[in-house]
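Okay, structure first, notes after.
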Amino acid sequence: MSDRIGARRQDAVNRDATEFTAESAPREWTASARSMPRRQQITGIALYCLIAFGLCWLVCLPLWTGPGLSDPALLTICGGIAMFTPALSAILIVRLVERRSWRRGKSQISRPDGHAPERDTVLASLGLRMNGGLVRLLGALAIGMVAPVILLVASQLLAGVLGTFDLDLTLRQAAADLGLPAGTSLPQTWLAFGGKLLTAMVLGGAINLILALGEELGWRGYLMPRIEQLWGLPAAIVAGGVLWGLWHAPLILLGYNYPDAVPWAGQLAMIAACIGVGGFLYWLTIRFGSLWPAALAHGVNNATSALIMTSLLAPGATIDTVNGSAMGRPGWIVYGTVVLVGFALIRHRRRALVTGH
C-alpha cells in the first residue's frame, strides 16, 4: 500500500514538472549567475542600477532644461525612450558581467524529470520564454490582460468607500466623453463604456506591450530574480519596488502621476505603488515562468488606468492621486493584498510539489 501511495505521489510530481519549472523559473533562468562569486553578482546588480538610472535621467534631461511636463510631444518621446533604458541595462549586464551568450545553452538545474532545459541565452535569462503549450500561453496572456483592469477598478471602488474618490457608478462622465445622447439607459452606458474599455485593453495593451517590455526586461526579468536568489523573496519585492519607484524620479519630481503633491511626497507615493504593482507583476512572472504575461499586464495597466479613473469619477470632481487612485493608498491596499495572497499560494504549491502532498 505504501509503495502504491509513494508511486502516485511521484507520478503527480512528474505530471506537474512543467508547473514546477514555471513556478521556480526565476531561480532557473538565473542558474549560471549563481555559479558566480557573490561579490560579482552584487556588482552586476549595482552596475545595472547605475546604468538604468543614469540613462533615464539623461533621456529626461530635455524635460528638466525645457518645458517640463507642459509639452506632451516631448514628454511622450522622452518617456517612451526612457522605458527602454532598463532593458538596455539588463542586456549589457547579462552579456558582459554574467557572460551569457546569444546562442542556446543548457541550464545547470534539472527539472524533476531529469532534463536540463535551455535557459542560458541572453534573452531567455531575462524571462523571454513561455512554459507549456498554446493553452497555457493563452491562459497566461488572458490573465495578464484582465487582471490589471480588475485591480484598477477595485482600487477606485475602494477609494470611493474610503471617501477619497467621488465615485459615480452611473458613469455620467463616461457618457459625456462617449457622446451618448441624454436619456441613455444605465445598461447602455455601461455597455458602451465596456466596449471602449475592451478596445483599450486589446489595442492599447498591445501597443503599450512594446514599451512595457522595455521596463519588464530590466526589473522583473533581471533585477528582482537576482535579488531573490541573493537575499530572498521579500527583499526582491521590497527592494525591487523601491528601486523601480526611484527610477521614475526624473518624471515624478516634475509632477507626473501626482500633480497636486509636493515632489518628495509624490516620489514616496510612487515607491509605495511600485512595491505593490511590481510585486504583482513579479507574481505573474513566477507563476507562468515567463515575462510575457507581466509585460502585457503592464501595458494594459498603462493603457486603461486613466480611462477607468476618469470614467468612474463624478462630473466636475477632482482627483487626489495620492489618496484616491490605484497609484495611491487604495492601490497600495489592493495590490498589497493580491501580492501577499499570490505568493502564499505559490509557496504552498512549491511545497506540495516537493513533498508530494
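As shown in the C-alpha cells, the chain order sets the letters A, B, ...; within each chain, residues go from 1, and ligands are also counted from 1 in the order they appear.
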Contact residues around Leu74 of chain A with only C-alpha atoms at 12 Å, ignoring same-chain residues under 4 positions, as a list of chain:residue names: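 Final neighbour list, sorted by chain and number: A:Val59, A:Cys60, A:Leu61, A:Pro62, A:Leu63, A:Trp64, A:Thr65, A:Gly66, A:Pro67, A:Gly68, A:Leu69, A:Ser70, A:Cys78, A:Gly79, A:Gly80, A:Ile81, A:Ala82.
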Alpha helix (DSSP H) per DSSP on the backbone: members of segment 155-223 of chain A, as number ranges by chain: A: 155-162, 172-178, 186-199, 205-218
Nearby residues (only C-alpha atoms) at most 8 Å from segment 189-205 of chain A, same-chain spacing under 4 positions excluded, as a PyMOL selection string: chain A and resi 145+171+174-175+178+180+184-185+209+296-297+299-304+307-308
Convert the current residue selection to file output with N, CA, C and O atoms, as a PDB file, in the first residue's frame.
ATOM      1  N   MET A 145      -4.010  40.227 -19.251  1.00  0.00           N
ATOM      2  CA  MET A 145      -4.830  41.303 -19.816  1.00  0.00           C
ATOM      3  C   MET A 145      -5.967  41.712 -18.891  1.00  0.00           C
ATOM      4  O   MET A 145      -6.262  42.904 -18.747  1.00  0.00           O
ATOM      5  N   LEU A 171     -21.824  56.522 -14.303  1.00  0.00           N
ATOM      6  CA  LEU A 171     -20.939  56.805 -15.439  1.00  0.00           C
ATOM      7  C   LEU A 171     -21.367  58.051 -16.231  1.00  0.00           C
ATOM      8  O   LEU A 171     -21.283  58.075 -17.462  1.00  0.00           O
ATOM      9  N   ALA A 174     -18.370  59.287 -18.154  1.00  0.00           N
ATOM     10  CA  ALA A 174     -18.080  58.400 -19.281  1.00  0.00           C
ATOM     11  C   ALA A 174     -19.081  58.607 -20.404  1.00  0.00           C
ATOM     12  O   ALA A 174     -18.714  58.602 -21.590  1.00  0.00           O
ATOM     13  N   ALA A 175     -20.361  58.787 -20.057  1.00  0.00           N
ATOM     14  CA  ALA A 175     -21.390  59.014 -21.075  1.00  0.00           C
ATOM     15  C   ALA A 175     -21.108  60.292 -21.851  1.00  0.00           C
ATOM     16  O   ALA A 175     -21.261  60.334 -23.085  1.00  0.00           O
ATOM     17  N   LEU A 178     -18.181  59.751 -24.160  1.00  0.00           N
ATOM     18  CA  LEU A 178     -18.552  58.900 -25.286  1.00  0.00           C
ATOM     19  C   LEU A 178     -19.527  59.583 -26.239  1.00  0.00           C
ATOM     20  O   LEU A 178     -19.815  59.053 -27.322  1.00  0.00           O
ATOM     21  N   LEU A 180     -22.750  60.081 -25.673  1.00  0.00           N
ATOM     22  CA  LEU A 180     -24.050  59.419 -25.650  1.00  0.00           C
ATOM     23  C   LEU A 180     -25.165  60.448 -25.482  1.00  0.00           C
ATOM     24  O   LEU A 180     -25.008  61.415 -24.727  1.00  0.00           O
ATOM     25  N   THR A 184     -29.857  58.156 -22.237  1.00  0.00           N
ATOM     26  CA  THR A 184     -29.337  56.809 -22.466  1.00  0.00           C
ATOM     27  C   THR A 184     -29.423  56.012 -21.173  1.00  0.00           C
ATOM     28  O   THR A 184     -29.045  56.496 -20.101  1.00  0.00           O
ATOM     29  N   SER A 185     -29.939  54.806 -21.256  1.00  0.00           N
ATOM     30  CA  SER A 185     -30.122  53.991 -20.054  1.00  0.00           C
ATOM     31  C   SER A 185     -28.774  53.595 -19.455  1.00  0.00           C
ATOM     32  O   SER A 185     -27.747  53.574 -20.145  1.00  0.00           O
ATOM     33  N   LEU A 209       2.466  47.159 -24.871  1.00  0.00           N
ATOM     34  CA  LEU A 209       3.268  45.983 -24.551  1.00  0.00           C
ATOM     35  C   LEU A 209       4.726  46.191 -24.931  1.00  0.00           C
ATOM     36  O   LEU A 209       5.635  45.802 -24.188  1.00  0.00           O
ATOM     37  N   LEU A 296       2.490  42.225 -20.710  1.00  0.00           N
ATOM     38  CA  LEU A 296       1.156  42.555 -21.203  1.00  0.00           C
ATOM     39  C   LEU A 296       0.340  43.243 -20.117  1.00  0.00           C
ATOM     40  O   LEU A 296      -0.372  44.218 -20.385  1.00  0.00           O
ATOM     41  N   ALA A 297       0.414  42.739 -18.883  1.00  0.00           N
ATOM     42  CA  ALA A 297      -0.306  43.364 -17.774  1.00  0.00           C
ATOM     43  C   ALA A 297       0.142  44.804 -17.573  1.00  0.00           C
ATOM     44  O   ALA A 297      -0.679  45.700 -17.334  1.00  0.00           O
ATOM     45  N   GLY A 299       1.405  46.766 -19.872  1.00  0.00           N
ATOM     46  CA  GLY A 299       0.893  47.534 -20.991  1.00  0.00           C
ATOM     47  C   GLY A 299      -0.584  47.852 -20.851  1.00  0.00           C
ATOM     48  O   GLY A 299      -1.027  48.977 -21.114  1.00  0.00           O
ATOM     49  N   VAL A 300      -1.387  46.862 -20.430  1.00  0.00           N
ATOM     50  CA  VAL A 300      -2.820  47.087 -20.235  1.00  0.00           C
ATOM     51  C   VAL A 300      -3.056  48.083 -19.109  1.00  0.00           C
ATOM     52  O   VAL A 300      -3.937  48.947 -19.202  1.00  0.00           O
ATOM     53  N   ASN A 301      -2.279  47.983 -18.054  1.00  0.00           N
ATOM     54  CA  ASN A 301      -2.396  48.943 -16.949  1.00  0.00           C
ATOM     55  C   ASN A 301      -2.181  50.365 -17.442  1.00  0.00           C
ATOM     56  O   ASN A 301      -2.950  51.284 -17.126  1.00  0.00           O
ATOM     57  N   ASN A 302      -1.120  50.564 -18.219  1.00  0.00           N
ATOM     58  CA  ASN A 302      -0.824  51.897 -18.729  1.00  0.00           C
ATOM     59  C   ASN A 302      -1.893  52.393 -19.692  1.00  0.00           C
ATOM     60  O   ASN A 302      -2.165  53.597 -19.775  1.00  0.00           O
ATOM     61  N   ALA A 303      -2.514  51.465 -20.429  1.00  0.00           N
ATOM     62  CA  ALA A 303      -3.491  51.844 -21.438  1.00  0.00           C
ATOM     63  C   ALA A 303      -4.872  52.146 -20.861  1.00  0.00           C
ATOM     64  O   ALA A 303      -5.659  52.862 -21.485  1.00  0.00           O
ATOM     65  N   THR A 304      -5.180  51.598 -19.684  1.00  0.00           N
ATOM     66  CA  THR A 304      -6.548  51.698 -19.165  1.00  0.00           C
ATOM     67  C   THR A 304      -6.695  52.463 -17.856  1.00  0.00           C
ATOM     68  O   THR A 304      -7.817  52.795 -17.470  1.00  0.00           O
ATOM     69  N   LEU A 307      -8.403  55.911 -18.151  1.00  0.00           N
ATOM     70  CA  LEU A 307      -9.773  55.739 -18.629  1.00  0.00           C
ATOM     71  C   LEU A 307     -10.689  55.276 -17.498  1.00  0.00           C
ATOM     72  O   LEU A 307     -11.795  55.812 -17.313  1.00  0.00           O
ATOM     73  N   ILE A 308     -10.261  54.290 -16.736  1.00  0.00           N
ATOM     74  CA  ILE A 308     -11.074  53.774 -15.637  1.00  0.00           C
ATOM     75  C   ILE A 308     -11.268  54.836 -14.565  1.00  0.00           C
ATOM     76  O   ILE A 308     -12.388  55.046 -14.071  1.00  0.00           O
TER      77      ILE A 308
END
9 Å contact set for segment 88-97 of chain A, only C-alpha atoms, chain neighbours under 2 positions out, as a VMD selection string: chain A and resid 33 40 to 41 43 to 45 47 to 52 55 84 to 86 99 to 102 122 to 123 125 to 126 214 217 to 219 221 to 223
Residues of segment 80-294 of chain A in strand (DSSP E or B), written as a PyMOL selection string: chain A and resi 101+106+118+121+167
Within 9 Å of segment 267-285 of chain A: each segment 104-196 of chain A residue with its shortest pair, only C-alpha atoms, as JSON lines:
{"residue": "A:Gly127", "atom": "CA", "partner": "A:Thr285", "partner_atom": "CA", "distance": 7.9}
{"residue": "A:Ala140", "atom": "CA", "partner": "A:Leu284", "partner_atom": "CA", "distance": 8.3}
{"residue": "A:Ile143", "atom": "CA", "partner": "A:Leu284", "partner_atom": "CA", "distance": 8.7}
{"residue": "A:Gly144", "atom": "CA", "partner": "A:Leu284", "partner_atom": "CA", "distance": 7.6}
Write a file of the selected residues as a compact mmCIF listing (two decimals), in the first residue's frame, keeping N, CA, C and O atoms.
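Output saved as again_29.txt:
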# COMPACT_ATOMS: atom_id res chain seq x y z
N GLY A 127 13.87 36.11 -19.06
CA GLY A 127 12.49 35.68 -18.97
C GLY A 127 11.70 35.67 -20.25
O GLY A 127 10.49 35.43 -20.22
N ALA A 140 -2.25 32.41 -19.76
CA ALA A 140 -1.38 33.36 -19.09
C ALA A 140 -1.59 34.77 -19.63
O ALA A 140 -1.66 35.75 -18.87
N ILE A 143 -4.94 36.22 -18.39
CA ILE A 143 -4.82 36.73 -17.03
C ILE A 143 -4.05 38.04 -17.02
O ILE A 143 -4.41 39.00 -16.32
N GLY A 144 -2.98 38.11 -17.81
CA GLY A 144 -2.20 39.34 -17.89
C GLY A 144 -3.00 40.51 -18.42
O GLY A 144 -2.73 41.66 -18.10
